[in-house]
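> Following this message is one structure expressed as C-alpha cells.
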Amino acid sequence: MGVLACLSATAAVVAFKVHTVSTGPVPGLAARSASVTANVVITDDPRVRPHRGGIARRDSAVVEARMVSVSAGTARFAVDVPVVLFGSGEGWGSLLPSQRVRVQGRLGPAEPGELTAAVMLVRGPPRTLSGPSAPQTVAGALRAGLREASDVLSPDQRGLLPGLVVGDVSRLDDQVKQDLTTAGLSHLTAVSGANLALIAGAALALARLGGLSLPLRALVAVVAMVGFALVARPSPSVLRALVMGTIAAVALGTGRPKDGVAILSATVLGLILFDPGLARQYGFALSVFATGGILVLAPPWRERLAERMPMLAAEAIAVPAAAQAAVTPVLVLMSGKIDLVAIPANLLAGPAVAPATVLGFAAAIVAPLSMGAAQILVHPAGWAVGWIIVVAEHAAEVPMATIGWPGGPGGLVLLAVAAVTTWALLRGRARRRIVLALLAGALVAVLVAGPVASRWPPPGWLLVACDVGQGDALAVSAGPGKAIVIDTGPEPGPVDRCLRDLDVRQVPLMVLTHPHLDHVGGLEGAMRGRAVGAALVSPGRVPERESARVSWRLRTKGVPEWVMPPGTRWRFGGAEITVIAPSSDAPREGPGEGAIANNASVVLLVRWFEPSGRLLGSALLAGDLETESQAVLSRLGVPPVDILKVPHHGSGRQDPAFLAATRARAALISVSAVNDYGHPAPLTTYRLSRLGMRVYRTDLSGDLAVTAREGRLGIVTRKG
C-alpha cells in the first residue's frame with residue numbers, strides 16, 4: 001500500500017507539472033518560434049561555457065530561470081513557468097539566483113520529456129531589474145572575499161581553492177580541471193551530497209577529538225554544512241546537496257545508518273514530489289547513490305579497517321571508498337567508463353580536503369572584516385590545495401587511469417558480474433594474496449613494459465605535429481628536453497600532454513603564428529612547468545582582444561614578446577628556423593577579420609642539418625595562410641621543401657600555384673575528426689595527392705612525427 005501511495009502521489013504531481021508547462025501562452029509562443037521580451041527570475045547559477053575554437057573567445061551561458069511575464073507584440077501575459085535561457089557574450093556570469101532580469105529573444109519548444117515550458121535564445125546581454133536576495137548577496141560578498149584573499153597563492157591554487165570551498169570554478173586552470181576529471185576528483189569542485197558528506201566527516205572527526213557526544217557531533221556536522229551551503233550560494237542544487245549531506249552526517253554521527261537509509265528514502269520521495277524533474281538528472285542520482293553508499297557501505301568497511309588501523313584513518317578511507325563504489329554504476333550509465341585511479345586518488349587527496357575547506361571557509365568569513373587575516377588563513381589552505389593538485393596531476397598520468405566500459409543496461413550487468421567475481425576471488429586469504437600478486441604484476445607490466453612497447457616518441461624525432469583537435473600545435477626538437485613550440489592548439493590539456501610525451505622541459509622559442517583561439521588557446525598548457533625563452537608573434541593584432549590576452553599572459557610569465565622581419569634566422573642544435581613571412585608593412589588582405597588574421601600568420605622554414613653540415617631535409621610551416629598571402633609568397637618565391645604543414649587545416653582556400661611551388665613530398669594536416677568547417681576540404685586533399693604529396697592527418701593518425709633515419713626523413717604516426 002505504501003509503495004502504491006508513493007507511486008500515485010508521484011504520478012499526480014508529474015501530471016500537474018506536465019499540464020503546467022505544456023499549456024498556456026508560453027508553450028504556444030514557443031511553438032511559433034515567437035520573438036518576445038520577458039521578465040525572468042534566475043533560479044540557479046548560470047553555467048558559463050567557454051568558447052573553444054574559431055577566431056576569438058565568446059563565452060556562452062545556459063541559465064535556468066522562472067518566467068514571470070512575457071510580451072509578444074502588443075500582447076502581454078503574466079505567467080509563472082520554468083524556462084531555460086541560452087545567452088552569449090558578457091553579463092551572464094555575474095548573475096546570482098533570485099535576481100530579476102529582462103531579456104529579449106526567440107522562444108523555442110523545450111526538449112521532449114523536460115519539465116520546462118520553453119527554451120529561449122537570448123539576443124544581447126540581460127538587463128538587470130532587481131538585485132539578489134539577502135542570503136544570495138551575503139554569499140556573493142563572501143565568495144568575492146575568498147577570491148581576493150586567494151590572490152596571494154599560485155595561479156593553479158588560487159583557481160582551485162574557491163572551487164573546493166564554494167564551488168566557484170571561474171578561475172580554475174583548464175589543465176587542473178582536466179587532471180581532476182581524469183583522477184576522479186572533479187566532485188571536489190561541485191557542491192554535491194558526496195562532497196558535503198566528506199566535509200561532515202571532517203567535522204565529525206574534529207568533534208570526536210573534542211570529546212563531544214554523538215548528538216553534538218551530528219549538530220556540529222550539520223552546522224558546518226549549513227554554513228558551507230550559505231557561502232556556496234543557497235541555489236536549488238546546493239540545497240538538495242545539503243539535504244543529502246545532512247542525512248549522511250546525522251546517520252554517521254548517531255551511529256544509526258538504518259535510520260539514515262529510511263530518512264534518505266523519505267527525502268528522495270519528498271524532493272521528487274517537489275521537483276519531479278530531479279528523476280532525470282544524473283547529478284541528483286549521484287548525490288543519492290553517494291549518500292546511500294556512505295550510509296550502507298561506509299560503517300561496516302570502517303569497522304573492518306579499524307581492526308588494522310586507527311579509527312580516524314579507517315573513517316577517512318571508508319567514506320570516499322564507499323561513495324565511489326556506490327556511484328560507479330551511475331557513472332557507467334552516464335559516461336561508459338570506470339575511473340580506476342579514482343579511489344586511490346581520493347584516498348590520497350582526502351586528508352587535504354578538510355584543512356583546505358575549513359581554512360578556506362574561515363577565510364571567506366573573515367575576508368569582509370580583515371583581508372590580511374584572511375590571507376594568513378589562505379596560505380596553509382593553499383598548501384593543502386597544492387597537494388590535491390599534485391595528486392590529480394600524477395593520477396592523471398597513470399596509464400589506464402580511466403578505462404572504457406559498455407554503457408546502458410548491458411554495462412550494468414557486466415559490472416555486476418565483475419563485482420561478484422571479484423568478491424568471490426577475494427573471500428579467502430590465499431585467494432587475496434594471489435589476486436594481489438597478479439594485480440601487482442599487471443601494474444608493473446603497464447608501467448614498465450607498456451612505455452617500452454609503445455616507443456613514443458620515435459627515436460630521432462625532428463618535428464611532431466600534435467593531435468590537439470581542431471587547431472595547430474607543433475614541436476621542433478632543439479636538443480634533449482628542448483623544443484621550439486609553434487602554436488598551442490585550442491586548449492591547454494592536449495598540448496601539455498603532447499609536450500610531456502616528448503619530454504620537453506624547456507622551450508627556447510615559442511612561435512604563435514596568429515592570435516586565433518585554435519592556435520593560442522592552449523598557451524597555459526605549453527608553458528606549464530616549462531621555461532620559455534621568448535615568444536615570436538605576428539605583427540598583425542587581429543583580433544585585438546585575443547591578441548591582448550596573449551600579450552598579458554606572456555608578460556605575467558616574464559616571457560619577452562618579439563616581432564621579427566622575414567629573413568630572421570635561429571639555429572637550435574641541428575635545426576635552423578627562418579622567418580619567411582609576414583613583413584610588418586605587408587597589406588592586410590582577406591574577406592573578413594578572420595581571413596585577415598590568417599593571412600598575417602607567421603610562416604617558418606625549418607631546415608635540418610647533419611653534424612657534418614649536410615642538409616638532411618626541410619619543412620614549411622605555413623600557419624593559417626589563405627589564398628591572398630599564398631599568392632604573394634608564390635610571386636616572391638616559395639622555398640622548395642620536403643614537408644609542408646598545410647595552411648589552415650586543409651581548408652578550401654588554397655592557391656594551387658603555392659602548393660605546387662613547395663614541391664613537398666609529404667603534407668601534414670592538423671585537424672579534428674569533428675569540426676564545423678569541413679576541414680580538410682576534399683578539393684585540397686585531391687590537389688595535394690595530384691602534386692605527389694602523401695597526406696598525413698592528425699584526425700586519422702594522431703600525433704605525426706618527422707624522423708631522421710639513415711640520412712633520410714621519414715614520418716611515423718602514433719596510431720600506426
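Ordered as shown in the C-alpha cells, chains take letters A, B, and onward, while each chain numbers its residues from 1 and ligands are numbered from 1 in the order shown.
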Would you kindly return, as a ChimeraX atom specification, each protein, DNA or RNA residue with an atom no farther than 9 Å from any atom of Gly124 of chain A, considering only C-alpha atoms and excluding same-chain residues fewer than 5 positions away?
/A:87-90,103-105
> Write out the residues from the selection above, keeping N, CA and C atoms, as a PDB file, in the first residue's frame.

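The new file result_8.pdb reads:
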```pdb
ATOM      1  N   GLY A  87      22.241  32.198 -23.659  1.00  0.00           N
ATOM      2  CA  GLY A  87      22.794  33.508 -23.987  1.00  0.00           C
ATOM      3  C   GLY A  87      24.250  33.403 -24.374  1.00  0.00           C
ATOM      4  N   SER A  88      24.815  34.497 -24.842  1.00  0.00           N
ATOM      5  CA  SER A  88      26.230  34.541 -25.196  1.00  0.00           C
ATOM      6  C   SER A  88      26.757  35.933 -24.916  1.00  0.00           C
ATOM      7  N   GLY A  89      28.078  36.033 -24.838  1.00  0.00           N
ATOM      8  CA  GLY A  89      28.700  37.310 -24.538  1.00  0.00           C
ATOM      9  C   GLY A  89      28.809  37.555 -23.049  1.00  0.00           C
ATOM     10  N   GLU A  90      28.995  38.798 -22.689  1.00  0.00           N
ATOM     11  CA  GLU A  90      29.211  39.167 -21.292  1.00  0.00           C
ATOM     12  C   GLU A  90      27.889  39.447 -20.586  1.00  0.00           C
ATOM     13  N   VAL A 103      15.003  40.054 -20.632  1.00  0.00           N
ATOM     14  CA  VAL A 103      15.740  39.524 -21.770  1.00  0.00           C
ATOM     15  C   VAL A 103      14.860  39.605 -23.014  1.00  0.00           C
ATOM     16  N   GLN A 104      15.503  39.661 -24.161  1.00  0.00           N
ATOM     17  CA  GLN A 104      14.820  39.662 -25.443  1.00  0.00           C
ATOM     18  C   GLN A 104      15.381  38.530 -26.290  1.00  0.00           C
ATOM     19  N   GLY A 105      14.521  37.879 -27.048  1.00  0.00           N
ATOM     20  CA  GLY A 105      14.995  36.793 -27.881  1.00  0.00           C
ATOM     21  C   GLY A 105      13.848  36.010 -28.487  1.00  0.00           C
TER      22      GLY A 105
END
```
> Of the candidates A:Met510, A:Leu474, A:Leu463, A:Leu164, which shows the shortest atom-to-atom distance to Ala705 of chain A, using only C-alpha atoms?
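For Ala705 of chain A, the nearest of the candidates is A:Leu463.
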> In Å to one decimal, how far is atom CA of Thr698 of chain A from atom CA of Gln470 of chain A?
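Straight-line distance from atom CA of Gln470 of chain A to atom CA of Thr698 of chain A works out to 9.5 Å.
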> Which residue gives the smallest distance to Ala657 of chain A among A:Gly637, A:Pro680, A:Gly372, A:Gly711, with only C-alpha atoms counted?
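Nearest candidate to Ala657 of chain A out of A:Gly637, A:Pro680, A:Gly372, A:Gly711: A:Gly637.
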> Tell me which of A:Ala203, A:Ile486, A:Val176, A:Val542 sits closest to His516 of chain A, counting only C-alpha atoms.
A:Val542
> From a DSSP pass on the backbone, collect the residues of segment 75-231 of chain A flagged as helix (DSSP H, G or I) and hand them back as a PyMOL selection string.
chain A and resi 134-152+155-166+174-182+186-189+193-209+214-231
> Please produce a file of the residues just selected, as a tab-separated table (two decimals), in the first residue's frame, where the atoms kept are C-alpha atoms.

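Output below, filename again32.tsv:
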```
chain	number	residue	atom	x	y	z
A	134	ALA	CA	19.81	38.97	1.15
A	135	PRO	CA	21.23	35.41	1.50
A	136	GLN	CA	22.47	35.50	-2.09
A	137	THR	CA	24.01	38.93	-1.54
A	138	VAL	CA	25.85	37.70	1.55
A	139	ALA	CA	27.02	34.63	-0.31
A	140	GLY	CA	28.28	36.75	-3.21
A	141	ALA	CA	30.25	39.02	-0.87
A	142	LEU	CA	31.84	36.07	0.93
A	143	ARG	CA	32.77	34.38	-2.36
A	144	ALA	CA	34.32	37.60	-3.68
A	145	GLY	CA	36.30	37.95	-0.44
A	146	LEU	CA	37.64	34.41	-0.78
A	147	ARG	CA	38.69	35.06	-4.39
A	148	GLU	CA	40.53	38.22	-3.37
A	149	ALA	CA	42.25	36.51	-0.45
A	150	SER	CA	43.30	33.65	-2.76
A	151	ASP	CA	45.24	36.05	-4.98
A	152	VAL	CA	48.30	35.51	-2.77
A	155	PRO	CA	47.57	30.57	-10.26
A	156	ASP	CA	46.58	26.90	-10.06
A	157	GLN	CA	45.97	27.08	-6.29
A	158	ARG	CA	44.02	30.35	-6.41
A	159	GLY	CA	41.73	28.80	-9.00
A	160	LEU	CA	41.09	25.54	-7.13
A	161	LEU	CA	40.63	26.81	-3.55
A	162	PRO	CA	37.37	28.74	-4.23
A	163	GLY	CA	36.20	25.79	-6.29
A	164	LEU	CA	36.84	23.40	-3.42
A	165	VAL	CA	35.30	25.63	-0.76
A	166	VAL	CA	32.27	27.16	-2.51
A	174	ASP	CA	41.97	24.20	-17.56
A	175	GLN	CA	44.79	21.70	-17.05
A	176	VAL	CA	43.98	21.32	-13.35
A	177	LYS	CA	40.33	20.80	-14.28
A	178	GLN	CA	41.26	18.09	-16.76
A	179	ASP	CA	43.55	16.36	-14.24
A	180	LEU	CA	40.82	16.42	-11.59
A	181	THR	CA	38.36	14.86	-14.03
A	182	THR	CA	40.77	12.11	-15.11
A	186	SER	CA	36.17	16.61	-10.05
A	187	HIS	CA	33.43	16.14	-7.43
A	188	LEU	CA	35.56	18.22	-5.06
A	189	THR	CA	34.63	21.36	-7.03
A	193	GLY	CA	25.96	15.21	-1.41
A	194	ALA	CA	29.25	13.29	-1.54
A	195	ASN	CA	31.27	16.49	-1.18
A	196	LEU	CA	29.22	17.69	1.78
A	197	ALA	CA	29.45	14.22	3.33
A	198	LEU	CA	33.24	14.46	3.20
A	199	ILE	CA	33.06	17.85	4.93
A	200	ALA	CA	30.68	16.42	7.50
A	201	GLY	CA	33.11	13.54	8.07
A	202	ALA	CA	35.88	16.01	8.83
A	203	ALA	CA	33.59	17.88	11.22
A	204	LEU	CA	32.64	14.62	12.93
A	205	ALA	CA	36.31	13.71	13.33
A	206	LEU	CA	37.06	17.08	14.94
A	207	ALA	CA	34.03	16.72	17.20
A	208	ARG	CA	35.18	13.25	18.25
A	209	LEU	CA	38.62	14.63	19.09
A	214	LEU	CA	27.02	11.66	19.39
A	215	PRO	CA	24.12	14.15	19.15
A	216	LEU	CA	26.53	17.08	19.44
A	217	ARG	CA	28.77	15.57	16.75
A	218	ALA	CA	25.83	15.42	14.37
A	219	LEU	CA	24.89	19.01	15.26
A	220	VAL	CA	28.46	20.21	14.56
A	221	ALA	CA	28.42	18.47	11.17
A	222	VAL	CA	25.04	19.95	10.23
A	223	VAL	CA	26.07	23.47	11.31
A	224	ALA	CA	29.27	23.17	9.25
A	225	MET	CA	27.34	22.09	6.18
A	226	VAL	CA	24.70	24.81	6.58
A	227	GLY	CA	27.45	27.42	6.73
A	228	PHE	CA	29.15	25.84	3.75
A	229	ALA	CA	25.90	25.86	1.76
A	230	LEU	CA	25.33	29.54	2.57
A	231	VAL	CA	28.76	30.52	1.24
```
> Would you list the contacts of segment 555-561 of chain A as JSON, numbers by chain, taking every protein, DNA or RNA residue within 7 Å and counting only C-alpha atoms, but skipping same-chain residues closer than 5 positions in sequence?
{"A": [532, 533, 534, 535, 536, 537]}
> Emit the selected residues as an mmCIF file, in the first residue's frame, including N, CA, C and O atoms.

```
data_model
loop_
_atom_site.group_PDB
_atom_site.id
_atom_site.type_symbol
_atom_site.label_atom_id
_atom_site.label_comp_id
_atom_site.auth_asym_id
_atom_site.auth_seq_id
_atom_site.Cartn_x
_atom_site.Cartn_y
_atom_site.Cartn_z
ATOM 1 N N VAL A 532 60.294 29.155 -20.773
ATOM 2 C CA VAL A 532 60.124 29.670 -22.127
ATOM 3 C C VAL A 532 61.043 30.868 -22.300
ATOM 4 O O VAL A 532 60.991 31.824 -21.523
ATOM 5 N N GLY A 533 61.899 30.824 -23.351
ATOM 6 C CA GLY A 533 62.862 31.899 -23.566
ATOM 7 C C GLY A 533 62.232 33.155 -24.113
ATOM 8 O O GLY A 533 62.417 34.256 -23.569
ATOM 9 N N ALA A 534 61.480 33.054 -25.210
ATOM 10 C CA ALA A 534 60.838 34.205 -25.836
ATOM 11 C C ALA A 534 59.709 33.703 -26.706
ATOM 12 O O ALA A 534 59.632 32.521 -27.051
ATOM 13 N N ALA A 535 58.819 34.627 -27.075
ATOM 14 C CA ALA A 535 57.675 34.287 -27.919
ATOM 15 C C ALA A 535 57.693 35.168 -29.153
ATOM 16 O O ALA A 535 57.758 36.401 -29.054
ATOM 17 N N LEU A 536 57.663 34.533 -30.330
ATOM 18 C CA LEU A 536 57.572 35.236 -31.595
ATOM 19 C C LEU A 536 56.105 35.301 -32.000
ATOM 20 O O LEU A 536 55.429 34.274 -32.062
ATOM 21 N N VAL A 537 55.604 36.511 -32.273
ATOM 22 C CA VAL A 537 54.193 36.689 -32.592
ATOM 23 C C VAL A 537 54.060 37.409 -33.925
ATOM 24 O O VAL A 537 55.011 38.002 -34.441
#
```
